[in-house]
Every structure is written in structure tokens, then in C-alpha cells.
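Source file: structure-v5.cif. Holds: mmCIF, C-alpha atoms.
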data_target
loop_
_atom_site.label_atom_id
_atom_site.label_comp_id
_atom_site.auth_asym_id
_atom_site.auth_seq_id
_atom_site.Cartn_x
_atom_site.Cartn_y
_atom_site.Cartn_z
CA MET A 562 70.17 -25.87 54.08
CA ASN A 563 73.05 -26.26 51.64
CA THR A 564 71.95 -25.15 48.19
CA GLY A 565 73.57 -24.03 44.98
CA TRP A 566 77.33 -24.53 45.16
CA TYR A 567 79.64 -25.86 47.81
CA ARG A 568 83.39 -26.14 48.38
CA VAL A 569 85.20 -29.47 48.30
CA GLU A 570 88.69 -29.50 49.80
CA MET A 571 91.09 -31.20 47.38
CA GLY A 572 94.36 -30.74 49.27
CA PRO A 573 96.69 -27.83 50.15
CA GLY A 574 95.99 -24.85 47.95
CA MET A 575 93.42 -26.66 45.85
CA ILE A 576 89.69 -26.00 46.10
CA LYS A 577 87.15 -27.41 43.72
CA PHE A 578 83.74 -25.86 43.28
CA ALA A 579 80.97 -28.30 42.42
CA GLN A 580 77.24 -28.02 42.13
CA ASN A 581 75.52 -29.13 45.30
CA PHE A 582 74.10 -32.65 44.95
CA TYR A 583 71.02 -31.61 46.95
CA THR A 584 69.79 -29.70 43.90
CA LEU A 585 70.46 -32.53 41.46
CA ARG A 586 69.28 -35.77 43.03
CA LYS A 587 66.49 -36.81 45.34
CA LYS A 588 67.47 -37.46 48.92
CA VAL A 589 67.64 -40.26 51.44
CA LEU A 590 65.76 -39.02 54.52
CA SER A 591 66.60 -40.45 57.94
CA PHE A 592 64.05 -39.94 60.74
CA GLY A 593 64.86 -40.29 64.43
CA GLU A 594 66.11 -38.55 67.56
CA LEU A 595 69.43 -36.72 67.62
CA LEU A 596 71.25 -37.62 70.83
CA LEU A 597 74.38 -36.80 72.74
CA ARG A 598 76.27 -39.82 74.07
CA ILE A 599 78.04 -39.04 77.34
CA CYS A 600 80.95 -41.39 78.06
CA PRO A 601 82.18 -41.71 81.65
CA ASP A 602 85.12 -44.03 82.23
CA MET A 603 84.52 -47.21 84.20
CA GLU A 604 86.83 -46.23 87.05
CA GLY A 605 85.19 -42.85 87.66
CA GLN A 606 88.28 -40.79 86.82
CA TRP A 607 85.99 -38.28 85.10
CA LEU A 608 84.97 -37.06 88.56
CA GLN A 609 88.57 -36.23 89.42
CA ASP A 610 89.35 -34.71 86.04
CA ASN A 611 86.05 -32.78 85.89
CA GLU A 612 85.80 -33.93 82.29
CA LEU A 613 83.43 -36.08 80.22
CA SER A 614 83.87 -37.12 76.60
CA PHE A 615 80.80 -37.12 74.36
CA TYR A 616 79.70 -37.93 70.82
CA VAL A 617 76.87 -36.77 68.59
CA GLY A 618 74.70 -39.78 67.88
CA GLY A 619 71.38 -41.44 67.39
CA ALA A 620 70.92 -44.46 65.11
CA GLU A 621 69.31 -42.57 62.24
CA ALA A 622 71.73 -39.65 62.47
CA ASN A 623 74.56 -42.19 62.17
CA VAL A 624 73.02 -43.47 58.94
CA ALA A 625 72.58 -39.94 57.60
CA THR A 626 76.20 -39.09 58.46
CA ALA A 627 77.63 -42.09 56.64
CA LEU A 628 75.54 -41.37 53.55
CA GLY A 629 76.57 -37.72 53.55
CA ILE A 630 80.26 -38.64 53.77
CA TRP A 631 79.81 -41.16 50.95
CA GLY A 632 78.26 -38.62 48.59
CA VAL A 633 74.63 -39.76 48.76
CA PRO A 634 72.22 -36.80 49.08
CA SER A 635 71.37 -37.18 52.75
CA ALA A 636 68.66 -35.42 54.76
CA TYR A 637 67.72 -35.74 58.41
CA PHE A 638 64.48 -34.98 60.19
CA THR A 639 64.24 -34.71 63.95
CA ALA A 640 62.95 -32.34 66.63
CA LEU A 641 65.26 -30.16 68.73
CA PRO A 642 64.73 -27.30 71.18
CA ASP A 643 65.01 -23.85 69.66
CA ASN A 644 68.29 -22.75 71.20
CA ALA A 645 71.91 -22.04 70.32
CA LEU A 646 73.13 -25.56 71.16
CA SER A 647 70.66 -27.09 68.70
CA LYS A 648 71.77 -24.69 65.98
CA GLN A 649 75.38 -25.67 66.62
CA LEU A 650 74.47 -29.34 66.31
CA ALA A 651 72.57 -28.70 63.07
CA GLY A 652 75.63 -26.89 61.75
CA TYR A 653 77.79 -29.86 62.71
CA LEU A 654 75.51 -32.16 60.69
CA GLU A 655 75.58 -29.76 57.74
CA GLU A 656 79.38 -30.07 57.75
CA LYS A 657 78.82 -33.80 57.15
CA ARG A 658 76.76 -32.87 54.05
CA ILE A 659 73.42 -33.59 55.70
CA ASP A 660 70.43 -31.43 54.80
CA THR A 661 68.93 -30.30 58.11
CA SER A 662 66.56 -27.68 56.70
CA LYS A 663 63.40 -29.47 57.80
CA ILE A 664 64.36 -30.07 61.44
CA LEU A 665 61.50 -29.06 63.73
CA TYR A 666 62.59 -26.67 66.47
CA GLN A 667 60.21 -27.00 69.41
CA GLY A 668 60.01 -28.43 72.89
CA PRO A 669 62.23 -28.19 75.99
CA ARG A 670 65.38 -30.27 75.56
CA MET A 671 67.36 -32.79 73.53
CA GLY A 672 67.83 -36.42 74.46
CA LEU A 673 70.92 -37.88 76.10
CA TYR A 674 72.29 -41.28 76.90
CA PHE A 675 75.20 -42.38 79.05
CA LEU A 676 77.40 -45.33 78.13
CA THR A 677 80.70 -46.34 79.70
CA LYS A 678 83.56 -46.35 77.23
CA GLY A 679 83.90 -49.61 75.33
CA LYS A 680 80.44 -50.92 76.25
CA ASP A 681 77.64 -51.97 73.92
CA LEU A 682 74.23 -50.28 73.70
CA LYS A 683 72.68 -53.66 74.44
CA ASN A 684 74.66 -53.74 77.70
CA ALA A 685 72.76 -53.25 80.96
CA GLY A 686 75.01 -50.27 81.76
CA VAL A 687 73.39 -47.91 79.25
CA ILE A 688 71.42 -45.08 80.87
CA TYR A 689 68.83 -43.21 78.81
CA ASP A 690 67.73 -39.65 79.54
CA ARG A 691 65.20 -39.11 76.74
CA ALA A 692 61.81 -38.65 78.40
CA PHE A 693 60.10 -35.33 77.64
CA SER A 694 62.71 -34.31 75.08
CA SER A 695 61.68 -32.25 72.05
CA PHE A 696 61.55 -35.42 69.97
CA TRP A 697 59.82 -37.48 72.68
CA GLU A 698 56.97 -34.95 72.70
CA LEU A 699 56.10 -35.33 69.01
CA LYS A 700 52.48 -36.31 68.42
CA PRO A 701 50.39 -37.34 65.42
CA GLY A 702 49.06 -34.44 63.39
CA MET A 703 51.94 -32.08 64.27
CA ILE A 704 53.95 -32.52 61.07
CA ASP A 705 53.14 -31.91 57.40
CA TRP A 706 54.73 -35.04 55.98
CA ASP A 707 54.20 -33.93 52.37
CA VAL A 708 56.60 -31.07 53.06
CA VAL A 709 59.12 -33.28 54.88
CA LEU A 710 59.03 -35.91 52.10
CA GLN A 711 59.45 -33.45 49.26
CA ASP A 712 62.35 -34.49 46.98
CA VAL A 713 62.84 -37.72 48.94
CA GLU A 714 63.21 -41.11 47.26
CA TRP A 715 64.31 -43.20 50.26
CA LEU A 716 63.05 -43.04 53.84
CA HIS A 717 64.88 -44.73 56.70
CA PHE A 718 63.76 -45.19 60.31
CA SER A 719 64.50 -47.62 63.10
CA ALA A 720 62.60 -49.52 65.81
CA ILE A 721 64.12 -47.20 68.40
CA THR A 722 61.61 -44.42 67.70
CA PRO A 723 58.38 -46.43 68.24
CA ALA A 724 60.00 -47.87 71.39
CA LEU A 725 59.94 -44.46 73.10
CA ASN A 726 56.19 -43.96 73.61
CA SER A 727 52.82 -44.68 72.04
CA ASN A 728 52.56 -41.26 70.39
CA LEU A 729 55.84 -41.77 68.56
CA ALA A 730 54.71 -45.20 67.41
CA LYS A 731 51.68 -43.45 65.89
CA VAL A 732 53.92 -40.72 64.40
CA CYS A 733 55.97 -43.43 62.70
CA GLU A 734 52.83 -45.00 61.28
CA GLU A 735 51.64 -41.60 60.05
CA LEU A 736 54.97 -40.97 58.31
CA LEU A 737 55.13 -44.44 56.77
CA GLN A 738 51.60 -44.19 55.42
CA ALA A 739 52.45 -40.84 53.82
CA ALA A 740 55.65 -42.21 52.29
CA ALA A 741 54.05 -45.44 51.05
CA ALA A 742 51.24 -43.46 49.41
CA LYS A 743 53.78 -41.70 47.18
CA GLU A 744 54.78 -45.03 45.59
CA ASP A 745 58.21 -43.79 44.44
CA ILE A 746 59.79 -43.81 47.93
CA THR A 747 61.76 -46.84 49.13
CA ILE A 748 61.39 -47.45 52.87
CA SER A 749 63.90 -49.21 55.13
CA VAL A 750 63.83 -50.18 58.79
CA ASP A 751 66.49 -51.28 61.25
CA LEU A 752 64.99 -53.62 63.87
CA ASN A 753 67.12 -52.24 66.71
CA TYR A 754 65.95 -53.86 69.93
CA ARG A 755 66.55 -51.85 73.12
CA ALA A 756 64.80 -53.53 76.06
CA LYS A 757 65.19 -50.47 78.29
CA LEU A 758 63.17 -48.32 75.90
CA TRP A 759 60.01 -50.44 75.59
CA GLN A 760 58.45 -49.25 78.84
CA TYR A 761 55.05 -47.78 77.95
CA GLY A 762 52.98 -50.94 78.05
CA ALA A 763 53.20 -52.17 74.47
CA SER A 764 55.54 -54.96 73.43
CA PRO A 765 57.59 -54.66 70.22
CA VAL A 766 55.66 -57.49 68.56
CA GLU A 767 52.43 -55.55 69.11
CA VAL A 768 53.79 -52.46 67.36
CA MET A 769 56.48 -53.31 64.82
CA PRO A 770 54.57 -55.58 62.39
CA GLY A 771 52.15 -52.71 61.73
CA LEU A 772 55.13 -50.54 60.73
CA VAL A 773 57.20 -53.12 58.87
CA GLN A 774 54.28 -53.74 56.49
CA TYR A 775 55.27 -50.48 54.76
CA CYS A 776 58.96 -51.38 54.37
CA ASP A 777 60.91 -52.52 51.31
CA LEU A 778 64.15 -53.37 53.15
CA VAL A 779 64.18 -54.96 56.61
CA MET A 780 67.51 -55.13 58.45
CA GLY A 781 68.34 -56.66 61.83
CA ASN A 782 69.33 -60.07 63.10
CA LEU A 783 67.62 -63.35 63.92
CA TRP A 784 66.94 -62.41 67.52
CA ALA A 785 65.54 -58.99 66.61
CA ALA A 786 63.16 -60.62 64.13
CA ASP A 787 61.96 -62.82 66.98
CA LYS A 788 61.51 -59.94 69.47
CA MET A 789 60.07 -57.46 66.99
CA LEU A 790 58.09 -59.51 64.50
CA GLY A 791 57.43 -62.84 66.21
CA ILE A 792 59.55 -64.71 63.65
CA GLY A 793 60.77 -67.33 66.10
CA VAL A 794 64.37 -68.46 66.42
CA ASP A 795 64.67 -72.21 66.15
CA ALA A 796 65.28 -73.76 69.57
CA SER A 797 68.17 -75.74 68.09
CA LEU A 798 70.16 -72.55 67.47
CA HIS A 799 72.57 -71.79 70.33
CA SER A 800 75.96 -70.27 71.07
CA HIS A 801 77.82 -73.33 69.78
CA SER A 802 75.96 -73.56 66.48
CA THR A 803 78.03 -73.51 63.32
CA LYS A 804 78.15 -70.72 60.78
CA GLU A 805 76.22 -72.95 58.39
CA ASP A 806 73.46 -73.22 61.02
CA TYR A 807 73.22 -69.44 61.29
CA LEU A 808 73.16 -68.99 57.52
CA ARG A 809 70.42 -71.58 57.19
CA HIS A 810 68.37 -69.81 59.83
CA ALA A 811 69.02 -66.45 58.15
CA GLN A 812 67.47 -67.76 54.94
CA ARG A 813 64.53 -69.28 56.78
CA THR A 814 63.85 -66.10 58.76
CA SER A 815 64.19 -63.93 55.65
CA GLU A 816 61.75 -66.08 53.71
CA LYS A 817 59.22 -65.84 56.55
CA ILE A 818 59.54 -62.05 56.68
CA LEU A 819 58.99 -61.71 52.94
CA GLU A 820 56.04 -64.05 53.12
CA ARG A 821 54.43 -62.15 56.00
CA PHE A 822 55.13 -58.65 54.60
CA PRO A 823 54.37 -58.61 50.85
CA ARG A 824 55.87 -55.16 50.24
CA ALA A 825 59.30 -56.22 51.54
CA ARG A 826 61.83 -57.18 48.87
CA MET A 827 65.07 -57.55 50.85
CA VAL A 828 66.04 -58.79 54.31
CA ALA A 829 69.50 -58.21 55.77
CA ASN A 830 70.99 -59.88 58.86
CA THR A 831 74.16 -59.14 60.80
CA PHE A 832 76.15 -61.69 62.82
CA ARG A 833 78.56 -60.27 65.39
CA PHE A 834 80.07 -62.66 67.92
CA ASP A 835 82.38 -61.69 70.76
CA HIS A 836 85.30 -63.91 71.68
CA GLY A 837 88.34 -63.70 73.95
CA GLU A 838 89.25 -60.37 75.57
CA GLY A 839 87.56 -57.89 73.26
CA GLY A 840 87.82 -59.98 70.10
CA ILE A 841 85.10 -60.27 67.50
CA ASN A 842 84.06 -62.00 64.29
CA TYR A 843 81.57 -60.44 61.93
CA TYR A 844 79.64 -61.36 58.80
CA THR A 845 76.28 -60.55 57.22
CA THR A 846 73.63 -61.81 54.81
CA LEU A 847 71.19 -60.26 52.37
CA PHE A 848 68.19 -62.18 51.06
CA ALA A 849 66.63 -60.95 47.82
CA ASP A 850 65.29 -62.45 44.60
CA LYS A 851 64.96 -65.83 46.37
CA LYS A 852 68.71 -65.97 47.00
CA LEU A 853 70.79 -65.62 50.17
CA TYR A 854 73.87 -63.47 49.58
CA LYS A 855 76.67 -64.01 52.12
CA SER A 856 79.47 -61.59 52.95
CA ARG A 857 83.06 -62.40 53.69
CA GLU A 858 83.80 -62.94 57.37
CA TYR A 859 86.06 -60.62 59.35
CA PHE A 860 87.96 -61.28 62.58
CA SER A 861 89.77 -59.03 65.01
CA GLU A 862 91.36 -59.72 68.38
CA LYS A 863 90.45 -56.25 69.65
CA ILE A 864 87.96 -53.51 68.75
CA LEU A 865 87.44 -49.94 69.94
CA ASP A 866 83.71 -49.11 69.94
CA LYS A 867 80.65 -51.23 69.16
CA VAL A 868 78.21 -48.32 68.92
CA GLY A 869 76.96 -47.52 65.43
CA SER A 870 78.28 -50.55 63.58
CA GLY A 871 74.78 -51.68 62.60
CA ASP A 872 73.90 -48.15 61.51
CA CYS A 873 76.95 -48.14 59.27
CA PHE A 874 75.87 -51.47 57.77
CA MET A 875 72.41 -50.04 57.09
CA ALA A 876 73.93 -47.00 55.42
CA GLY A 877 76.10 -49.27 53.29
CA LEU A 878 73.04 -51.14 52.05
CA ILE A 879 71.28 -47.88 51.18
CA HIS A 880 74.41 -46.55 49.48
CA GLY A 881 74.76 -49.64 47.31
CA ARG A 882 71.14 -49.72 46.22
CA TYR A 883 71.01 -45.95 45.70
CA GLU A 884 74.09 -46.13 43.48
CA GLY A 885 72.75 -49.12 41.52
CA LYS A 886 75.40 -51.62 42.66
CA ASP A 887 74.62 -55.31 42.42
CA LEU A 888 73.50 -57.10 45.57
CA GLN A 889 76.77 -58.90 46.34
CA ASP A 890 78.85 -55.75 45.95
CA THR A 891 76.33 -53.85 48.05
CA LEU A 892 76.59 -56.42 50.82
CA GLU A 893 80.40 -56.54 50.77
CA PHE A 894 80.72 -52.76 50.98
CA ALA A 895 78.16 -52.52 53.78
CA THR A 896 79.87 -55.29 55.76
CA ALA A 897 83.34 -53.81 55.38
CA ALA A 898 82.04 -50.37 56.39
CA ALA A 899 80.33 -51.82 59.47
CA PHE A 900 83.43 -53.79 60.48
CA GLN A 901 85.63 -50.71 60.13
CA LYS A 902 83.23 -48.77 62.35
CA LEU A 903 84.25 -51.09 65.22
CA PHE A 904 87.61 -49.28 65.27
CA ILE A 905 86.25 -45.72 65.35
CA ALA A 906 85.62 -44.03 68.71
CA SER A 907 82.38 -42.24 67.88
CA ASP A 908 78.75 -43.05 67.10
CA ALA A 909 79.06 -42.49 63.34
CA THR A 910 81.71 -43.49 60.82
CA ASP A 911 84.24 -41.04 59.45
CA ARG A 912 85.51 -43.33 56.66
CA THR A 913 85.08 -42.35 53.01
CA THR A 914 84.16 -44.77 50.25
CA LYS A 915 87.81 -44.75 49.15
CA ASP A 916 88.90 -45.68 52.69
CA ILE A 917 86.46 -48.59 52.74
CA GLU A 918 87.33 -49.82 49.27
CA LYS A 919 91.05 -49.71 50.13
CA PHE A 920 90.35 -51.68 53.29
CA MET A 921 88.40 -54.26 51.29
CA SER A 922 91.28 -54.71 48.89
CA THR A 923 93.96 -55.14 51.53
CA ILE A 924 92.36 -56.82 54.55
CA LYS A 925 92.97 -60.50 55.04
CA VAL A 926 89.76 -62.47 55.43
CA THR A 927 89.43 -66.04 56.59
CA ASP A 928 87.08 -67.48 54.02
CA GLU A 929 85.60 -67.05 50.58
CA ARG A 930 81.90 -66.99 49.78
#

Using C-alpha cells, write down the structure from this file.
Amino acid sequence: MNTGWYRVEMGPGMIKFAQNFYTLRKKVLSFGELLLRICPDMEGQWLQDNELSFYVGGAEANVATALGIWGVPSAYFTALPDNALSKQLAGYLEEKRIDTSKILYQGPRMGLYFLTKGKDLKNAGVIYDRAFSSFWELKPGMIDWDVVLQDVEWLHFSAITPALNSNLAKVCEELLQAAAAKEDITISVDLNYRAKLWQYGASPVEVMPGLVQYCDLVMGNLWAADKMLGIGVDASLHSHSTKEDYLRHAQRTSEKILERFPRARMVANTFRFDHGEGGINYYTTLFADKKLYKSREYFSEKILDKVGSGDCFMAGLIHGRYEGKDLQDTLEFATAAAFQKLFIASDATDRTTKDIEKFMSTIKVTDER
């Protein structure tokens, strides 16, 4: 764990010493499985080259990484095997200013997934190799959540964890109950839907409402709310619907979520539409205080990597609320950060707040709010 003082590189020959933020402010804790993404090329050239590219990932680790880079006290809890590779990975996360001190080292192996370069996690081509990993083998009663939640004021998890097996769904519930009982911890969830992961006999709508009841911030999209929470998508909404149609449905879905889950105070939705050969348009909404906040809309004719964009958006929302920004500014920062992630070839962002703010000030957008 980083404690006391740390070095901040300020340029050639200049080093600033500053007190470590971990000792000064409570943390945002992200909970989920640390993964390696293995990236074969579509043509199979990796077999000839005897070479595979990879990235450190996992939805919650991506959130923790963004927050660490942006100066928010970030902590990460997962389970890894007790070996040298795991210690190297923990060290890599520490370099991103993530507190890894509470990682549980146990079990046989870490999880992997394989995704061809340029493809989306929702694509049928994703291959998961996560069964019987150290994280997969977690069970209720194994973890002292009071210790894990010490000095935490925000807890983030995603729907990916309860999708893995019934024990992990119960572990999530155990964690959320412990966090909610402390009253001073904000809880957020990303409704990531991965059809290939829900294979143990329970459907998302049977599991997720019982977990979302503990959450203050719910993030996803209209279709995830349908799959995960049973908040139906209007049959009139289709691929040729207008932006105004989507915004109207975003407000309706958000209102239904807040009505069904009294603890929830904010609902965020992302809208990412592919067009042409690799082109995309992207915008988001945030519903809070009975008002729908709408981001600017971004377009690009070509992107690099779709993985982790939603995680970056989630991190942007947490960053804005943690730093006390108003809701519109929070949404704009989160949206710009998520859009920029589409041009980064890794699971997590590497952009600083200054990078994102500069991008926001210079990028041409197509409409005003």
C-alpha cells in the first residue's frame, strides 16, 4: 500500500514531494475481477509471429485506474493467486495510484478473456476463461467486509460479478449490505450485460434488482435496464428512432428506476451508435433531482478500441460527484472521457483530467444542449 509520501514527476529534473492522498481522504473502492485481455489478430498472424498482445483489464479495475490517474483516492479489491505474476500486477496498479493493500491472495489462477483486436465485448467473438479462477471461487463468509470498507466513502461494482456464479451473486449482496449499513458510503453500479456470462441458471432480472436496491447511482443504458431490471424498452423504439425519442425514453426509464428503488438518486444512460466503416456517435444522460441532464454529442468516422468506454464514463461520474462538481459539468466530463477512451488501445484510459479538459475545449461538437 502507498502510505506517507510519494513522488510526483513534474518534468526533467523536477520532482515534487507531496503527502499521499490515501492518508488524507476517504477512498473510492472498486470491487471486481482483475483480468488479462489477450488480443489475437483476426487473420491469425499471431501464430506465425509467435506473439500475442495483451492488456490489464476488468471493468472495475478500469474504473479504479481512471480515478487513480485523475487524483481521486482509489482502492481496488479483488482475489488473485498468491504468486509472482499477481504481485507484478498489483505493483502495476499501484503505479496508477490504486491502493491494492486489501487484495485477497488465494486460489489457483487469474481470469482471462480473449477478444480480437477492434471488437466489442458484446460481440459474439469474445471468449471468457474465468471459471475456477481465484475470484470465481469467492464465497459468502470468506471476507471481513468491515476491514475492506475501512476508510471508504464510495463503493463501485458492476453486474459482471454476479453474472459469474451464484456464490458471487451472494458475495455481492453481502458486500452491499455491509456498505449500506454504514450509511456514509455511496454505492454505484454499472449494469454491464454480458450474455455469455449468465450461465448458472439464474437470469439477470432474478438477481440484479436485489442488488440495485442498495445503490445510489445506477448507470447503464435502456437495453441493460430491460435485461437487468425488467424496465421494459418501449416497442416503438428502434434503430431509426430519433435522438429525441431516445432522450424521452431515457427520462422514462430513469423515473421508473428511481420509483422502483427508493435509495437510488441518480440514473445515467449512455448512447453509442455505430455507423459506416468504424464510425460512431456518442452521447449520454444523467437523471437527478427530477431533471434529465443531456451531454453534448460526439461523432467520429473511426475509432480504435471500444473496450472500457463505459467504465471510463462511470469513473467520470464518480470523479465529478466526489469532487463536488455540479451535475451538468459532471456529465460533460464523464462523456468526454468516455469518448476519448474510444481512441486508446487498452482496457483503461491513460488520459489525465487536463487532457480531457483540453479535449473538451477544442473538440468540435455537432449540437448544443

For the structure shown, which residues end up in the PyMOL selection byres ((chain A and resi 814) around 9)? Put them as a list in words, please?
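Here the PyMOL selection byres ((chain A and resi 814) around 9) matches Leu783, Ala786, Ile792, Gly793, Val794, Arg809, His810, Ala811, Gln812, Arg813, Ser815, Glu816, Lys817, Ile818, Leu819 and Val828 of chain A.
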
Name the residues captured by the PyMOL selection byres ((chain A and resi 895-909) around 8) when it is applied to the shown file; answer as a PDB file with C-alpha atoms, keeping the file's coordinate frame.
ATOM      1  CA  TYR A 616      79.700 -37.930  70.820  1.00  0.00           C
ATOM      2  CA  VAL A 617      76.870 -36.770  68.590  1.00  0.00           C
ATOM      3  CA  GLY A 618      74.700 -39.780  67.880  1.00  0.00           C
ATOM      4  CA  GLY A 619      71.380 -41.440  67.390  1.00  0.00           C
ATOM      5  CA  ALA A 622      71.730 -39.650  62.470  1.00  0.00           C
ATOM      6  CA  ASN A 623      74.560 -42.190  62.170  1.00  0.00           C
ATOM      7  CA  VAL A 624      73.020 -43.470  58.940  1.00  0.00           C
ATOM      8  CA  THR A 626      76.200 -39.090  58.460  1.00  0.00           C
ATOM      9  CA  ALA A 627      77.630 -42.090  56.640  1.00  0.00           C
ATOM     10  CA  TYR A 843      81.570 -60.440  61.930  1.00  0.00           C
ATOM     11  CA  TYR A 844      79.640 -61.360  58.800  1.00  0.00           C
ATOM     12  CA  THR A 845      76.280 -60.550  57.220  1.00  0.00           C
ATOM     13  CA  SER A 856      79.470 -61.590  52.950  1.00  0.00           C
ATOM     14  CA  TYR A 859      86.060 -60.620  59.350  1.00  0.00           C
ATOM     15  CA  ILE A 864      87.960 -53.510  68.750  1.00  0.00           C
ATOM     16  CA  LEU A 865      87.440 -49.940  69.940  1.00  0.00           C
ATOM     17  CA  ASP A 866      83.710 -49.110  69.940  1.00  0.00           C
ATOM     18  CA  LYS A 867      80.650 -51.230  69.160  1.00  0.00           C
ATOM     19  CA  VAL A 868      78.210 -48.320  68.920  1.00  0.00           C
ATOM     20  CA  GLY A 869      76.960 -47.520  65.430  1.00  0.00           C
ATOM     21  CA  SER A 870      78.280 -50.550  63.580  1.00  0.00           C
ATOM     22  CA  GLY A 871      74.780 -51.680  62.600  1.00  0.00           C
ATOM     23  CA  ASP A 872      73.900 -48.150  61.510  1.00  0.00           C
ATOM     24  CA  CYS A 873      76.950 -48.140  59.270  1.00  0.00           C
ATOM     25  CA  PHE A 874      75.870 -51.470  57.770  1.00  0.00           C
ATOM     26  CA  MET A 875      72.410 -50.040  57.090  1.00  0.00           C
ATOM     27  CA  ALA A 876      73.930 -47.000  55.420  1.00  0.00           C
ATOM     28  CA  GLY A 877      76.100 -49.270  53.290  1.00  0.00           C
ATOM     29  CA  LEU A 878      73.040 -51.140  52.050  1.00  0.00           C
ATOM     30  CA  GLY A 881      74.760 -49.640  47.310  1.00  0.00           C
ATOM     31  CA  THR A 891      76.330 -53.850  48.050  1.00  0.00           C
ATOM     32  CA  LEU A 892      76.590 -56.420  50.820  1.00  0.00           C
ATOM     33  CA  GLU A 893      80.400 -56.540  50.770  1.00  0.00           C
ATOM     34  CA  PHE A 894      80.720 -52.760  50.980  1.00  0.00           C
ATOM     35  CA  THR A 910      81.710 -43.490  60.820  1.00  0.00           C
ATOM     36  CA  ASP A 911      84.240 -41.040  59.450  1.00  0.00           C
ATOM     37  CA  ARG A 912      85.510 -43.330  56.660  1.00  0.00           C
ATOM     38  CA  ILE A 917      86.460 -48.590  52.740  1.00  0.00           C
ATOM     39  CA  PHE A 920      90.350 -51.680  53.290  1.00  0.00           C
ATOM     40  CA  MET A 921      88.400 -54.260  51.290  1.00  0.00           C
TER      41      MET A 921
END

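Between CA of Val709 (chain A) and CA of Met671 (chain A) there is a distance of 20.4 Å.
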
Write out, as a tab-separated table, each residue of region 669-771 of chain A that has an atom at most 12 Å from region 585-609 of chain A, together with the closest pair of atoms and their distance in Å to one decimal, counting all atoms listed in the file, rows going by chain and rising number.
residue	atom	partner	partner_atom	distance
A:Arg670	CA	A:Leu596	CA	10.5
A:Met671	CA	A:Leu596	CA	6.8
A:Gly672	CA	A:Leu596	CA	5.1
A:Leu673	CA	A:Leu597	CA	4.9
A:Tyr674	CA	A:Arg598	CA	5.1
A:Phe675	CA	A:Ile599	CA	4.7
A:Leu676	CA	A:Cys600	CA	5.3
A:Thr677	CA	A:Cys600	CA	5.2
A:Lys678	CA	A:Cys600	CA	5.7
A:Gly679	CA	A:Asp602	CA	9.0
A:Lys680	CA	A:Met603	CA	9.7
A:Asp681	CA	A:Cys600	CA	11.8
A:Leu682	CA	A:Arg598	CA	10.7
A:Gly686	CA	A:Met603	CA	10.3
A:Val687	CA	A:Arg598	CA	10.0
A:Ile688	CA	A:Ile599	CA	9.6
A:Tyr689	CA	A:Arg598	CA	9.5
A:Asp690	CA	A:Leu596	CA	9.6
A:Arg691	CA	A:Leu596	CA	8.6
A:Ala692	CA	A:Glu594	CA	11.7
A:Ser694	CA	A:Glu594	CA	9.3
A:Ser695	CA	A:Glu594	CA	8.9
A:Phe696	CA	A:Glu594	CA	6.0
A:Trp697	CA	A:Glu594	CA	8.2
A:Glu698	CA	A:Glu594	CA	11.1
A:Leu699	CA	A:Glu594	CA	10.6
A:Trp706	CA	A:Phe592	CA	11.6
A:Val709	CA	A:Leu590	CA	8.8
A:Leu710	CA	A:Leu590	CA	7.8
A:Gln711	CA	A:Lys587	CA	8.7
A:Asp712	CA	A:Lys587	CA	5.0
A:Val713	CA	A:Lys588	CA	4.6
A:Glu714	CA	A:Lys587	CA	5.7
A:Trp715	CA	A:Val589	CA	4.6
A:Leu716	CA	A:Leu590	CA	4.9
A:His717	CA	A:Ser591	CA	4.8
A:Phe718	CA	A:Phe592	CA	5.3
A:Ser719	CA	A:Gly593	CA	7.5
A:Ala720	CA	A:Gly593	CA	9.6
A:Ile721	CA	A:Gly593	CA	8.0
A:Thr722	CA	A:Gly593	CA	6.2
A:Pro723	CA	A:Gly593	CA	9.7
A:Ala724	CA	A:Gly593	CA	11.4
A:Leu725	CA	A:Glu594	CA	10.2
A:Leu729	CA	A:Gly593	CA	10.0
A:Ala730	CA	A:Gly593	CA	11.7
A:Val732	CA	A:Phe592	CA	10.8
A:Cys733	CA	A:Phe592	CA	9.0
A:Leu736	CA	A:Phe592	CA	9.5
A:Leu737	CA	A:Phe592	CA	10.8
A:Ala740	CA	A:Leu590	CA	10.8
A:Asp745	CA	A:Lys587	CA	10.9
A:Ile746	CA	A:Val589	CA	9.3
A:Thr747	CA	A:Val589	CA	9.1
A:Ile748	CA	A:Val589	CA	9.6
A:Ser749	CA	A:Ser591	CA	9.6
A:Val750	CA	A:Ser591	CA	10.2
A:Asp751	CA	A:Ser591	CA	11.3

Residue by residue, what does the PyMOL selection byres ((chain A and resi 658) around 8) grab here? Present the result as a PyMOL selection string.
chain A and resi 563+626+629-630+634-635+654-657+659-660

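With all atoms listed in the file as the atoms that count, the minimum distance from Gly771 (chain A) to the choices A:Arg821, A:Leu808, A:Asn728, A:Leu798 is reached by A:Arg821.
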
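Put simply, CA of Met780 (chain A) is 10.2 Å away from CA of Phe848 (chain A).
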
Taking into account all atoms listed in the file, which residue in the set A:Ala640, A:Ala620, A:Ile924, A:Met769 is nearest to Lys663 (chain A)?
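That would be A:Ala640, the residue with the smallest distance to Lys663 (chain A).
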
Take the point (81.6, -67.1, 59.6) in the file's coordinates, draw a sphere of radius 12 Å around it, and report as a tab-separated table (two decimals) with C-alpha atoms, in the frame of the given file every protein, DNA or RNA residue with an atom inside or on it, counting all atoms listed in the file.
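Final output, saved to result-v1.tsv:
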chain	number	residue	atom	x	y	z
A	802	SER	CA	75.96	-73.56	66.48
A	803	THR	CA	78.03	-73.51	63.32
A	804	LYS	CA	78.15	-70.72	60.78
A	805	GLU	CA	76.22	-72.95	58.39
A	806	ASP	CA	73.46	-73.22	61.02
A	807	TYR	CA	73.22	-69.44	61.29
A	808	LEU	CA	73.16	-68.99	57.52
A	831	THR	CA	74.16	-59.14	60.80
A	832	PHE	CA	76.15	-61.69	62.82
A	833	ARG	CA	78.56	-60.27	65.39
A	834	PHE	CA	80.07	-62.66	67.92
A	841	ILE	CA	85.10	-60.27	67.50
A	842	ASN	CA	84.06	-62.00	64.29
A	843	TYR	CA	81.57	-60.44	61.93
A	844	TYR	CA	79.64	-61.36	58.80
A	845	THR	CA	76.28	-60.55	57.22
A	846	THR	CA	73.63	-61.81	54.81
A	855	LYS	CA	76.67	-64.01	52.12
A	856	SER	CA	79.47	-61.59	52.95
A	857	ARG	CA	83.06	-62.40	53.69
A	858	GLU	CA	83.80	-62.94	57.37
A	859	TYR	CA	86.06	-60.62	59.35
A	860	PHE	CA	87.96	-61.28	62.58
A	926	VAL	CA	89.76	-62.47	55.43
A	927	THR	CA	89.43	-66.04	56.59
A	928	ASP	CA	87.08	-67.48	54.02
A	929	GLU	CA	85.60	-67.05	50.58
A	930	ARG	CA	81.90	-66.99	49.78

How many Å lie between CA of Ala645 (chain A) and CA of Asp705 (chain A), rounded to one decimal?
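Between CA of Ala645 (chain A) and CA of Asp705 (chain A) the gap works out to 24.8 Å.
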
Which one of A:Val766, A:Leu752, A:Ile879, A:Leu888 sits closest to Tyr854 (chain A) if you count only C-alpha atoms?
A:Leu888
